[in-house]
>>> print(open('my_file-v2.csv').read())   # CSV, C-alpha atoms and all ligand atoms
chain,number,residue,atom,x,y,z
A,1,MET,CA,100.0,147.5,122.5
A,2,PHE,CA,98.9,148.1,118.9
A,3,ARG,CA,101.8,150.4,118.5
A,4,ALA,CA,104.2,147.8,119.7
A,5,ILE,CA,102.8,145.3,117.2
A,6,ALA,CA,102.9,147.9,114.4
A,7,VAL,CA,106.5,148.7,115.3
A,8,ARG,CA,107.5,145.1,115.3
A,9,PHE,CA,105.7,144.6,111.9
A,10,LEU,CA,107.4,147.6,110.4
A,11,SER,CA,110.8,146.6,111.6
A,12,LYS,CA,110.3,143.1,110.2
A,13,GLN,CA,109.3,144.7,106.9
A,14,ALA,CA,112.3,147.1,107.0
A,15,VAL,CA,114.8,144.2,107.4
A,16,SER,CA,113.1,141.9,104.8
A,17,LYS,CA,115.7,141.4,102.0
A,18,VAL,CA,115.4,140.5,98.4
A,19,PRO,CA,116.5,136.9,98.3
A,20,GLU,CA,119.9,135.9,96.9
A,21,ARG,CA,119.6,133.7,93.8
A,22,ASN,CA,121.8,131.2,92.1
A,23,TYR,CA,123.9,133.4,89.9
A,24,ILE,CA,124.2,132.5,86.2
A,25,PRO,CA,126.6,134.9,84.5
A,26,ARG,CA,125.2,136.6,81.4
A,27,ARG,CA,128.1,138.8,80.3
A,28,ALA,CA,127.2,138.4,76.6
A,29,LEU,CA,123.6,137.6,75.7
A,30,MET,CA,123.8,136.4,72.1
A,31,TYR,CA,120.7,136.6,69.8
A,32,VAL,CA,120.3,134.0,67.2
A,33,PRO,CA,117.4,134.2,64.8
A,34,GLY,CA,115.2,131.2,65.5
A,35,ASP,CA,114.5,130.5,61.9
A,36,ASP,CA,118.2,130.1,61.0
A,37,TYR,CA,119.6,126.6,61.7
A,38,LYS,CA,123.0,127.5,60.4
A,39,LYS,CA,123.3,130.4,62.9
A,40,ILE,CA,121.9,128.3,65.7
A,41,ASN,CA,124.6,125.6,65.1
A,42,LYS,CA,127.3,128.3,64.9
A,43,ALA,CA,126.1,129.8,68.2
A,44,PHE,CA,126.5,126.4,70.0
A,45,GLY,CA,130.2,126.4,69.0
A,46,LEU,CA,130.9,129.8,70.7
A,47,ASP,CA,132.2,130.4,74.1
A,48,VAL,CA,129.3,132.6,75.3
A,49,ASP,CA,127.4,132.9,78.6
A,50,CYS,CA,123.9,133.1,77.1
A,51,ILE,CA,122.3,132.0,73.9
A,52,ALA,CA,118.9,133.5,73.1
A,53,LEU,CA,117.0,131.9,70.2
A,54,ASP,CA,114.8,134.6,68.9
A,55,CYS,CA,111.2,134.5,67.9
A,56,GLU,CA,110.9,138.3,68.0
A,57,ASP,CA,112.6,141.1,66.1
A,58,GLY,CA,115.4,139.2,64.5
A,59,VAL,CA,112.8,137.1,62.7
A,60,ALA,CA,110.7,138.3,59.7
A,61,LEU,CA,106.9,138.5,60.1
A,62,ASN,CA,106.5,135.7,57.5
A,63,LYS,CA,109.0,133.5,59.3
A,64,LYS,CA,107.3,133.5,62.7
A,65,ASP,CA,107.0,129.7,62.5
A,66,ALA,CA,110.6,129.9,63.9
A,67,ARG,CA,109.0,128.7,67.1
A,68,SER,CA,108.7,125.2,65.5
A,69,ASN,CA,112.4,125.2,64.7
A,70,ILE,CA,113.2,126.2,68.3
A,71,ARG,CA,110.9,123.5,69.6
A,72,ALA,CA,112.8,121.0,67.5
A,73,VAL,CA,116.2,122.3,68.8
A,74,LEU,CA,114.9,122.1,72.4
A,75,ASP,CA,113.6,118.6,71.9
A,76,GLN,CA,117.1,117.4,70.9
A,77,GLY,CA,118.4,118.5,74.3
A,78,LYS,CA,120.6,121.4,75.3
A,79,PRO,CA,124.0,120.8,73.6
A,80,GLN,CA,126.7,120.4,76.3
A,81,LYS,CA,129.7,122.5,76.2
A,82,LYS,CA,132.9,122.7,78.4
A,83,LYS,CA,131.3,125.5,80.5
A,84,ASN,CA,127.7,125.7,81.4
A,85,TYR,CA,125.7,128.4,79.7
A,86,ASP,CA,122.2,129.9,79.7
A,87,PHE,CA,120.0,128.7,76.9
A,88,GLY,CA,116.9,130.9,76.4
A,89,VAL,CA,114.1,131.7,74.0
A,90,ARG,CA,113.0,135.3,73.3
A,91,VAL,CA,109.2,135.1,72.6
A,92,ASN,CA,107.2,137.8,70.9
A,93,SER,CA,105.5,140.5,72.9
A,94,ILE,CA,101.9,140.3,74.2
A,95,GLU,CA,100.9,143.1,71.9
A,96,SER,CA,102.0,141.2,68.8
A,97,GLY,CA,99.3,138.5,69.4
A,98,LEU,CA,102.0,135.9,68.9
A,99,CYS,CA,103.2,135.4,72.4
A,100,HIS,CA,100.8,132.6,73.4
A,101,GLN,CA,101.8,130.5,70.5
A,102,ASP,CA,105.5,131.0,71.1
A,103,LEU,CA,105.2,130.1,74.8
A,104,GLU,CA,103.0,127.0,74.0
A,105,SER,CA,105.6,125.8,71.5
A,106,CYS,CA,108.7,126.3,73.6
A,107,LEU,CA,107.3,125.3,77.0
A,108,THR,CA,105.4,122.1,76.2
A,109,GLY,CA,108.0,120.0,74.5
A,110,ARG,CA,110.4,117.4,75.9
A,111,ASN,CA,112.8,119.9,77.4
A,112,LEU,CA,112.3,123.4,78.8
A,113,PRO,CA,114.6,126.3,77.9
A,114,ASP,CA,116.6,127.6,80.9
A,115,THR,CA,115.2,131.0,80.4
A,116,VAL,CA,112.4,132.9,78.7
A,117,LEU,CA,113.1,136.4,77.5
A,118,PHE,CA,110.0,138.5,77.6
A,119,PRO,CA,110.0,141.7,75.5
A,120,LYS,CA,108.1,144.9,75.8
A,121,VAL,CA,106.9,144.5,79.3
A,122,GLU,CA,105.1,147.7,80.2
A,123,GLU,CA,103.2,147.0,83.4
A,124,GLY,CA,102.8,144.5,86.2
A,125,ASP,CA,99.6,143.1,84.5
A,126,HIS,CA,101.8,141.9,81.6
A,127,LEU,CA,103.6,139.6,84.1
A,128,LYS,CA,100.3,138.4,85.6
A,129,TRP,CA,99.3,137.4,82.1
A,130,PHE,CA,102.7,135.7,81.6
A,131,ALA,CA,102.4,133.9,85.0
A,132,ASP,CA,99.0,132.6,84.2
A,133,GLU,CA,100.1,131.3,80.8
A,134,ILE,CA,103.1,129.4,82.0
A,135,ARG,CA,101.2,128.0,84.9
A,136,HIS,CA,99.0,126.1,82.4
A,137,LEU,CA,101.9,125.2,80.1
A,138,ILE,CA,104.8,124.0,82.2
A,139,LYS,CA,104.3,120.5,83.7
A,140,ASN,CA,106.1,118.4,86.3
A,141,ASN,CA,107.2,121.3,88.6
A,142,GLY,CA,109.4,122.7,85.9
A,143,LYS,CA,110.8,126.2,86.4
A,144,ILE,CA,112.3,128.8,84.1
A,145,ASN,CA,114.3,131.9,84.6
A,146,LEU,CA,112.7,135.1,83.4
A,147,ILE,CA,114.4,138.1,81.7
A,148,ILE,CA,112.3,141.2,81.5
A,149,TYR,CA,112.7,143.8,78.7
A,150,ILE,CA,112.3,147.4,79.5
A,151,GLU,CA,112.0,149.2,76.2
A,152,THR,CA,109.2,151.8,76.2
A,153,ALA,CA,108.5,155.0,78.0
A,154,ARG,CA,105.6,153.4,79.9
A,155,ALA,CA,107.9,150.6,81.1
A,156,PHE,CA,110.3,153.1,82.6
A,157,ILE,CA,107.4,154.9,84.4
A,158,ASN,CA,106.2,151.6,85.8
A,159,LEU,CA,109.6,150.0,86.4
A,160,ASN,CA,109.4,149.6,90.2
A,161,GLU,CA,105.8,148.2,89.9
A,162,ILE,CA,107.0,145.7,87.2
A,163,CYS,CA,109.9,144.4,89.4
A,164,LYS,CA,107.7,144.3,92.5
A,165,THR,CA,105.0,142.3,90.7
A,166,ALA,CA,107.7,139.9,89.3
A,167,MET,CA,109.0,139.2,92.8
A,168,GLN,CA,105.6,138.7,94.2
A,169,LEU,CA,104.4,136.4,91.4
A,170,SER,CA,107.6,134.4,91.5
A,171,LYS,CA,106.7,133.2,95.0
A,172,ARG,CA,103.6,131.4,93.6
A,173,PHE,CA,104.4,130.7,90.0
A,174,ASN,CA,107.1,128.7,88.2
A,175,PHE,CA,109.5,131.4,87.2
A,176,ILE,CA,112.5,133.1,88.7
A,177,PRO,CA,113.1,136.8,87.8
A,178,SER,CA,116.7,137.0,86.8
A,179,ALA,CA,117.5,140.1,84.8
A,180,LEU,CA,116.3,143.4,83.3
A,181,VAL,CA,117.3,144.2,79.7
A,182,PHE,CA,117.6,147.7,78.4
A,183,GLY,CA,116.0,147.5,74.9
A,184,SER,CA,117.4,150.8,73.7
A,185,ASP,CA,116.6,150.3,70.1
A,186,ASP,CA,112.9,149.8,70.7
A,187,PHE,CA,113.0,152.6,73.3
A,188,CYS,CA,114.3,155.0,70.7
A,189,ALA,CA,111.6,153.9,68.3
A,190,ASN,CA,109.0,154.3,71.1
A,191,ILE,CA,110.0,157.9,72.0
A,192,GLY,CA,110.7,159.0,68.4
A,193,GLN,CA,114.4,159.3,68.6
A,194,ARG,CA,117.4,157.8,66.8
A,195,ILE,CA,120.7,158.3,68.6
A,196,HIS,CA,120.3,155.9,71.4
A,197,TRP,CA,123.6,156.0,73.1
A,198,LYS,CA,122.7,159.4,74.5
A,199,PHE,CA,120.0,157.8,76.8
A,200,CYS,CA,122.3,157.2,79.7
A,201,MET,CA,119.7,158.6,82.2
A,202,HIS,CA,117.3,155.8,81.4
A,203,GLY,CA,120.0,153.2,81.4
A,204,LYS,CA,121.1,154.3,84.8
A,205,LYS,CA,117.6,154.1,86.2
A,206,LEU,CA,117.3,150.6,84.9
A,207,VAL,CA,120.5,149.6,86.7
A,208,LEU,CA,119.4,151.2,89.9
A,209,VAL,CA,116.1,149.4,90.0
A,210,ALA,CA,117.6,146.1,88.9
A,211,LYS,CA,120.1,146.3,91.8
A,212,ALA,CA,117.3,147.1,94.3
A,213,TYR,CA,115.7,143.8,93.3
A,214,ASN,CA,118.9,141.8,93.0
A,215,LEU,CA,118.4,141.4,89.3
A,216,GLN,CA,121.1,141.4,86.6
A,217,ALA,CA,121.2,144.5,84.4
A,218,ILE,CA,121.9,143.8,80.7
A,219,ASP,CA,122.9,146.7,78.5
A,220,MET,CA,121.9,147.8,75.0
A,221,VAL,CA,122.9,146.2,71.7
A,222,TYR,CA,125.7,147.8,69.7
A,223,ILE,CA,124.4,147.5,66.2
A,224,GLU,CA,127.6,148.7,64.4
A,225,TYR,CA,128.8,145.1,64.8
A,226,LYS,CA,132.0,145.5,62.8
A,227,ASP,CA,133.2,148.3,65.1
A,228,LEU,CA,134.8,146.4,67.9
A,229,ASP,CA,136.7,149.4,69.4
A,230,GLY,CA,133.4,151.2,69.7
A,231,LEU,CA,131.8,148.1,71.3
A,232,LYS,CA,134.6,147.8,73.8
A,233,LEU,CA,134.2,151.5,74.8
A,234,GLN,CA,130.4,151.0,75.2
A,235,CYS,CA,131.0,147.9,77.3
A,236,GLU,CA,133.3,149.8,79.6
A,237,GLN,CA,130.8,152.6,80.0
A,238,GLY,CA,128.0,150.1,80.8
A,239,MET,CA,130.1,148.2,83.3
A,240,ARG,CA,131.0,151.4,85.1
A,241,MET,CA,127.3,152.2,85.4
A,242,GLY,CA,126.7,148.8,87.0
A,243,TYR,CA,125.6,146.7,84.1
A,244,THR,CA,126.5,143.0,84.4
A,245,GLY,CA,126.3,142.1,80.7
A,246,LYS,CA,125.4,143.2,77.2
A,247,GLN,CA,123.2,142.0,74.3
A,248,VAL,CA,125.1,140.9,71.2
A,249,ILE,CA,124.1,140.2,67.7
A,250,HIS,CA,127.2,138.8,65.9
A,251,PRO,CA,129.8,136.1,66.9
A,252,GLY,CA,132.6,138.8,66.4
A,253,GLN,CA,131.2,140.7,69.4
A,254,VAL,CA,131.2,137.8,71.8
A,255,PRO,CA,134.9,137.7,72.9
A,256,VAL,CA,135.0,141.5,73.4
A,257,VAL,CA,131.9,141.5,75.6
A,258,GLN,CA,132.8,138.4,77.6
A,259,GLU,CA,136.2,139.9,78.4
A,260,ALA,CA,134.9,143.4,79.1
A,261,PHE,CA,132.6,142.3,81.8
A,262,LEU,CA,135.4,140.6,83.7
A,263,PRO,CA,137.7,142.4,86.2
A,264,THR,CA,141.1,143.1,84.8
A,265,LYS,CA,144.3,141.4,86.0
A,266,TYR,CA,145.2,144.7,87.8
A,267,GLN,CA,141.8,144.8,89.6
A,268,ILE,CA,142.2,141.2,90.7
A,269,GLU,CA,145.7,141.8,92.0
A,270,TRP,CA,144.5,145.0,93.8
A,271,ALA,CA,141.5,143.1,95.3
A,272,GLU,CA,143.5,140.1,96.5
A,273,GLY,CA,146.1,142.3,98.2
A,274,LEU,CA,143.4,144.4,99.8
A,275,LEU,CA,141.4,141.5,101.2
A,276,LYS,CA,144.6,140.0,102.7
A,277,SER,CA,145.5,143.4,104.3
A,278,PHE,CA,141.9,143.9,105.5
A,279,GLU,CA,142.0,140.6,107.4
A,280,GLU,CA,145.3,141.4,109.0
A,281,HIS,CA,144.1,144.8,110.1
A,282,GLN,CA,140.9,143.4,111.5
A,283,LYS,CA,142.9,141.0,113.6
A,284,SER,CA,144.9,143.8,115.0
A,285,GLY,CA,141.7,145.7,115.8
A,286,LYS,CA,141.8,148.3,113.0
A,287,GLY,CA,138.6,149.0,111.0
A,288,ALA,CA,140.2,151.6,108.8
A,289,PHE,CA,143.7,151.6,107.3
A,290,SER,CA,145.8,152.8,104.4
A,291,TYR,CA,146.4,150.6,101.3
A,292,ARG,CA,148.3,151.8,98.3
A,293,GLY,CA,147.6,155.4,99.3
A,294,SER,CA,143.8,155.0,99.9
A,295,MET,CA,141.7,154.8,103.0
A,296,ILE,CA,140.2,151.3,103.2
A,297,ASP,CA,137.3,150.2,105.4
A,298,MET,CA,134.3,147.9,105.2
A,299,PRO,CA,132.7,149.3,101.9
A,300,THR,CA,136.0,149.1,100.0
A,301,MET,CA,136.5,145.5,101.3
A,302,LYS,CA,133.0,144.6,99.9
A,303,GLN,CA,134.0,146.1,96.6
A,304,ALA,CA,137.1,144.0,96.5
A,305,GLN,CA,134.9,140.9,97.4
A,306,ASN,CA,132.6,141.8,94.4
A,307,ILE,CA,135.6,141.8,92.1
A,308,MET,CA,136.8,138.4,93.3
A,309,LYS,CA,133.3,137.0,93.0
A,310,LEU,CA,133.1,138.1,89.4
A,311,ALA,CA,136.6,136.8,88.6
A,312,ASN,CA,135.7,133.4,90.1
A,313,LEU,CA,132.4,133.1,88.3
A,314,ALA,CA,134.0,133.2,84.9
A,315,GLU,CA,136.6,130.5,85.5
A,401,LIG,C1,118.5,145.7,68.4
A,401,LIG,C2,117.3,145.1,68.7
A,401,LIG,C3,117.2,143.6,68.7
A,401,LIG,O1,116.2,143.1,69.0
A,401,LIG,S1,118.7,142.8,68.4
A,401,LIG,C4,118.1,141.1,68.2
A,401,LIG,C5,117.5,140.9,66.9
A,401,LIG,N1,118.5,140.8,65.8
A,401,LIG,C6,119.2,139.7,65.6
A,401,LIG,O2,119.0,138.7,66.2
A,401,LIG,C7,120.3,139.8,64.5
A,401,LIG,C8,121.3,138.7,64.7
A,401,LIG,N2,122.4,138.9,63.8
A,401,LIG,C9,122.4,138.6,62.5
A,401,LIG,O3,121.3,138.2,62.0
A,401,LIG,C10,123.6,138.8,61.7
A,401,LIG,O4,124.7,138.8,62.5
A,401,LIG,C11,123.7,140.0,60.8
A,401,LIG,C12,123.8,141.3,61.6
A,401,LIG,C13,122.5,140.1,59.8
A,401,LIG,C14,125.0,139.9,59.9
A,401,LIG,O5,124.9,138.6,59.4
A,401,LIG,P1,126.0,138.0,58.3
A,401,LIG,O6,126.0,139.0,57.1
A,401,LIG,O7,125.7,136.6,58.0
A,401,LIG,O8,127.4,138.2,59.1
A,401,LIG,P2,128.7,137.5,58.8
A,401,LIG,O9,128.8,137.1,57.4
A,401,LIG,O10,129.8,138.5,59.2
A,401,LIG,O11,128.7,136.3,59.7
A,401,LIG,C15,129.9,135.5,60.0
A,401,LIG,C16,129.4,134.1,60.4
A,401,LIG,O12,128.7,134.2,61.7
A,401,LIG,C17,127.4,133.7,61.5
A,401,LIG,N3,126.5,134.6,62.3
A,401,LIG,C18,126.2,135.9,62.1
A,401,LIG,N4,125.4,136.3,63.0
A,401,LIG,C19,125.1,135.3,63.8
A,401,LIG,C20,124.3,135.1,65.0
A,401,LIG,N5,123.6,136.1,65.5
A,401,LIG,N6,124.3,133.9,65.6
A,401,LIG,C21,125.0,132.9,65.1
A,401,LIG,N7,125.8,133.0,64.0
A,401,LIG,C22,125.8,134.2,63.4
A,401,LIG,C23,127.1,133.8,60.0
A,401,LIG,O13,126.1,132.8,59.7
A,401,LIG,C24,128.5,133.4,59.5
A,401,LIG,O14,128.7,132.0,59.6
A,401,LIG,P3,129.7,131.2,58.7
A,401,LIG,O15,131.1,131.8,58.9
A,401,LIG,O16,129.2,131.4,57.3
A,401,LIG,O17,129.6,129.8,59.2
A,402,LIG,O1,115.4,144.3,72.1
A,402,LIG,C1,116.3,145.1,72.1
A,402,LIG,C2,116.2,146.5,71.7
A,402,LIG,O2,117.2,147.2,71.7
A,402,LIG,O3,115.1,146.8,71.3
A,403,MG,MG,113.6,145.3,71.5
>>> encode(input="my_file-v2.csv", output="structure tokens")
Amino acid sequence: MFRAIAVRFLSKQAVSKVPERNYIPRRALMYVPGDDYKKINKAFGLDVDCIALDCEDGVALNKKDARSNIRAVLDQGKPQKKKNYDFGVRVNSIESGLCHQDLESCLTGRNLPDTVLFPKVEEGDHLKWFADEIRHLIKNNGKINLIIYIETARAFINLNEICKTAMQLSKRFNFIPSALVFGSDDFCANIGQRIHWKFCMHGKKLVLVAKAYNLQAIDMVYIEYKDLDGLKLQCEQGMRMGYTGKQVIHPGQVPVVQEAFLPTKYQIEWAEGLLKSFEEHQKSGKGAFSYRGSMIDMPTMKQAQNIMKLANLAE
């Protein structure tokens, strides 16, 4: 009998799925130094999926009162644009000793940001600290999205534990885990290296774990911001790995990244034709068939569906 209960318990565990969440596209995640009103205003005029007002590394140590500017911007209300966008705040890390003040400033005003971007998370306990902080700060059943930065060797070792803890805590606390960011510049500093685009192995691990937890995976910053060809190439590499978006630091990078993380016209046309053909073959009782020279069955049909989902999101 115990065995039967155990088997039933295990099979229930085995089929338990990471829940689907409301999907907010974040193809380009644009940083804007929080102490710079001019840049903040500029960012609101851009067609970009995600604006992240920064308290962290884009702000000088003697300008950390940027959090008060950000509070003032939030108090004015999120500027409306033709298309909805994600409006977030990147706070300082726990280690900096500034994180509590940043959270207090941006989560206790008139309006909440959509998202908090939490850098240098290295272990599950960092998220427990975060959950406890926001529990005291956010009032009236408010909820925020959470973006977790993976940017140290310790974070990579603890990656699964970090995501698991985030999922568990989100059931009891007022945040929704939404994405992992590969902080490759900090990662290079952490491991004593310089040429970060060689670190594909870590980037791939991040994508894999993000997918396992149904999180978005946001790729590294391309700091040579005037080199748009190089940026495009790096976007394509990232997208092929499974990244869903990329961090950007300059308005000039935005259109390149927004476009690169969309399916091409050719892919859309291929997917539409395939889905139509799949349906017809299903009706005639054929699970596998030939389409434009390739064998198609259920997994390829799901890939075509993914392409159409992405194409529709950006409309
Ligand atoms: C890698 C690790 C990280 O943590 S990345 C995140 C931290 N770093 C950042 O946030 C840096 C953000 N970017 C910047 O500060 C600037 O883009 C840097 C790289 C310094 C270049 O600035 P600047 O010399 O003004 O560029 P520019 O003259 O070509 O600018 C043209 C117009 O665009 C504006 N701009 C520039 N960057 C931003 C931005 N991030 N957000 C919003 N607006 C931006 C400039 O102010 C300038 O505006 P305008 O044409 O004069 O009206
Ligand atoms: O925060 C981003 C990074 O590359 O570091
Ligand atoms: Mg960083």
>>> residues_near_ligand(input="my_file-v2.csv", ligand="ligand LIG 401 (chain A)", cutoff="9 Å", atoms="all atoms listed in the file", output="ChimeraX atom specification")
/A:30-34,36-44,46,51-54,56-59,183-186,220-226,247-252
>>> closest_residue(input="my_file-v2.csv", among="A:Pro255, A:Pro119, A:Gly142, A:Gly287", to="ligand LIG 402 (chain A)", atoms="only C-alpha atoms and all ligand atoms")
A:Pro119
>>> closest_residue(input="my_file-v2.csv", among="A:Ala166, A:Val181, A:Met201, A:Leu137", to="ligand MG 403 (chain A)", atoms="only C-alpha atoms and all ligand atoms")
A:Val181
>>> atom_distance(input="my_file-v2.csv", atom1="CA of Phe156 in chain A", atom2="CA of Trp129 in chain A")
19.2 Å
>>> closest_residue(input="my_file-v2.csv", among="A:Arg90, A:Lys171, A:Arg27, A:Arg154", to="ligand LIG 402 (chain A)", atoms="only C-alpha atoms and all ligand atoms")
A:Arg90
>>> closest_residue(input="my_file-v2.csv", among="A:Gln193, A:Asp227, A:Asn158, A:Lys82", to="His126 in chain A", atoms="all atoms listed in the file")
A:Asn158
>>> closest_residue(input="my_file-v2.csv", among="A:Gln234, A:Asn111, A:Gln101, A:Thr152", to="Asp219 in chain A", atoms="all atoms listed in the file")
A:Gln234
>>> atom_distance(input="my_file-v2.csv", atom1="CA of Thr264 in chain A", atom2="CA of Gly45 in chain A")
25.4 Å
>>> decode(input="my_file-v2.csv", residues="range 293-301 of chain A", atoms="all heavy atoms", output="PDB file, in the first residue's frame")
ATOM      1  N   GLY A 293      10.885  19.373 -48.750  1.00  0.00           N
ATOM      2  CA  GLY A 293      12.074  18.519 -48.711  1.00  0.00           C
ATOM      3  C   GLY A 293      12.470  18.004 -47.334  1.00  0.00           C
ATOM      4  O   GLY A 293      13.456  17.277 -47.216  1.00  0.00           O
ATOM      5  N   SER A 294      11.720  18.388 -46.258  1.00  0.00           N
ATOM      6  CA  SER A 294      12.065  17.893 -44.916  1.00  0.00           C
ATOM      7  C   SER A 294      10.944  17.013 -44.375  1.00  0.00           C
ATOM      8  O   SER A 294       9.776  17.205 -44.720  1.00  0.00           O
ATOM      9  CB  SER A 294      12.225  19.040 -43.923  1.00  0.00           C
ATOM     10  OG  SER A 294      13.186  19.927 -44.353  1.00  0.00           O
ATOM     11  N   MET A 295      11.332  16.107 -43.488  1.00  0.00           N
ATOM     12  CA  MET A 295      10.318  15.316 -42.783  1.00  0.00           C
ATOM     13  C   MET A 295       9.746  16.172 -41.649  1.00  0.00           C
ATOM     14  O   MET A 295      10.479  16.772 -40.863  1.00  0.00           O
ATOM     15  CB  MET A 295      10.969  14.050 -42.187  1.00  0.00           C
ATOM     16  CG  MET A 295       9.993  13.060 -41.572  1.00  0.00           C
ATOM     17  SD  MET A 295       9.311  13.522 -39.957  1.00  0.00           S
ATOM     18  CE  MET A 295      10.720  13.418 -38.907  1.00  0.00           C
ATOM     19  N   ILE A 296       8.431  16.234 -41.610  1.00  0.00           N
ATOM     20  CA  ILE A 296       7.763  17.026 -40.571  1.00  0.00           C
ATOM     21  C   ILE A 296       6.911  16.097 -39.714  1.00  0.00           C
ATOM     22  O   ILE A 296       6.174  15.260 -40.232  1.00  0.00           O
ATOM     23  CB  ILE A 296       6.830  18.091 -41.201  1.00  0.00           C
ATOM     24  CG1 ILE A 296       7.594  19.018 -42.158  1.00  0.00           C
ATOM     25  CG2 ILE A 296       6.090  18.893 -40.120  1.00  0.00           C
ATOM     26  CD1 ILE A 296       8.682  19.854 -41.539  1.00  0.00           C
ATOM     27  N   ASP A 297       7.030  16.258 -38.392  1.00  0.00           N
ATOM     28  CA  ASP A 297       6.067  15.626 -37.491  1.00  0.00           C
ATOM     29  C   ASP A 297       5.841  16.583 -36.313  1.00  0.00           C
ATOM     30  O   ASP A 297       6.150  17.779 -36.423  1.00  0.00           O
ATOM     31  CB  ASP A 297       6.492  14.190 -37.086  1.00  0.00           C
ATOM     32  CG  ASP A 297       7.827  14.154 -36.373  1.00  0.00           C
ATOM     33  OD1 ASP A 297       8.397  15.236 -36.126  1.00  0.00           O
ATOM     34  OD2 ASP A 297       8.292  13.046 -36.051  1.00  0.00           O
ATOM     35  N   MET A 298       5.346  16.057 -35.203  1.00  0.00           N
ATOM     36  CA  MET A 298       4.900  16.937 -34.103  1.00  0.00           C
ATOM     37  C   MET A 298       5.970  17.956 -33.618  1.00  0.00           C
ATOM     38  O   MET A 298       5.637  19.144 -33.465  1.00  0.00           O
ATOM     39  CB  MET A 298       4.431  16.046 -32.945  1.00  0.00           C
ATOM     40  CG  MET A 298       3.685  16.760 -31.857  1.00  0.00           C
ATOM     41  SD  MET A 298       2.206  17.598 -32.417  1.00  0.00           S
ATOM     42  CE  MET A 298       0.994  16.326 -32.275  1.00  0.00           C
ATOM     43  N   PRO A 299       7.224  17.541 -33.375  1.00  0.00           N
ATOM     44  CA  PRO A 299       8.191  18.537 -32.865  1.00  0.00           C
ATOM     45  C   PRO A 299       8.409  19.719 -33.819  1.00  0.00           C
ATOM     46  O   PRO A 299       8.526  20.870 -33.371  1.00  0.00           O
ATOM     47  CB  PRO A 299       9.493  17.742 -32.703  1.00  0.00           C
ATOM     48  CG  PRO A 299       9.086  16.318 -32.635  1.00  0.00           C
ATOM     49  CD  PRO A 299       7.834  16.189 -33.433  1.00  0.00           C
ATOM     50  N   THR A 300       8.447  19.447 -35.129  1.00  0.00           N
ATOM     51  CA  THR A 300       8.656  20.560 -36.082  1.00  0.00           C
ATOM     52  C   THR A 300       7.419  21.455 -36.088  1.00  0.00           C
ATOM     53  O   THR A 300       7.536  22.681 -36.251  1.00  0.00           O
ATOM     54  CB  THR A 300       8.906  20.016 -37.517  1.00  0.00           C
ATOM     55  OG1 THR A 300       9.271  18.666 -37.451  1.00  0.00           O
ATOM     56  CG2 THR A 300       9.928  20.845 -38.237  1.00  0.00           C
ATOM     57  N   MET A 301       6.254  20.840 -35.918  1.00  0.00           N
ATOM     58  CA  MET A 301       5.032  21.647 -35.873  1.00  0.00           C
ATOM     59  C   MET A 301       5.096  22.591 -34.663  1.00  0.00           C
ATOM     60  O   MET A 301       4.756  23.771 -34.759  1.00  0.00           O
ATOM     61  CB  MET A 301       3.807  20.714 -35.768  1.00  0.00           C
ATOM     62  CG  MET A 301       2.479  21.392 -35.927  1.00  0.00           C
ATOM     63  SD  MET A 301       1.907  22.223 -34.462  1.00  0.00           S
ATOM     64  CE  MET A 301       1.495  20.861 -33.408  1.00  0.00           C
TER      65      MET A 301
END
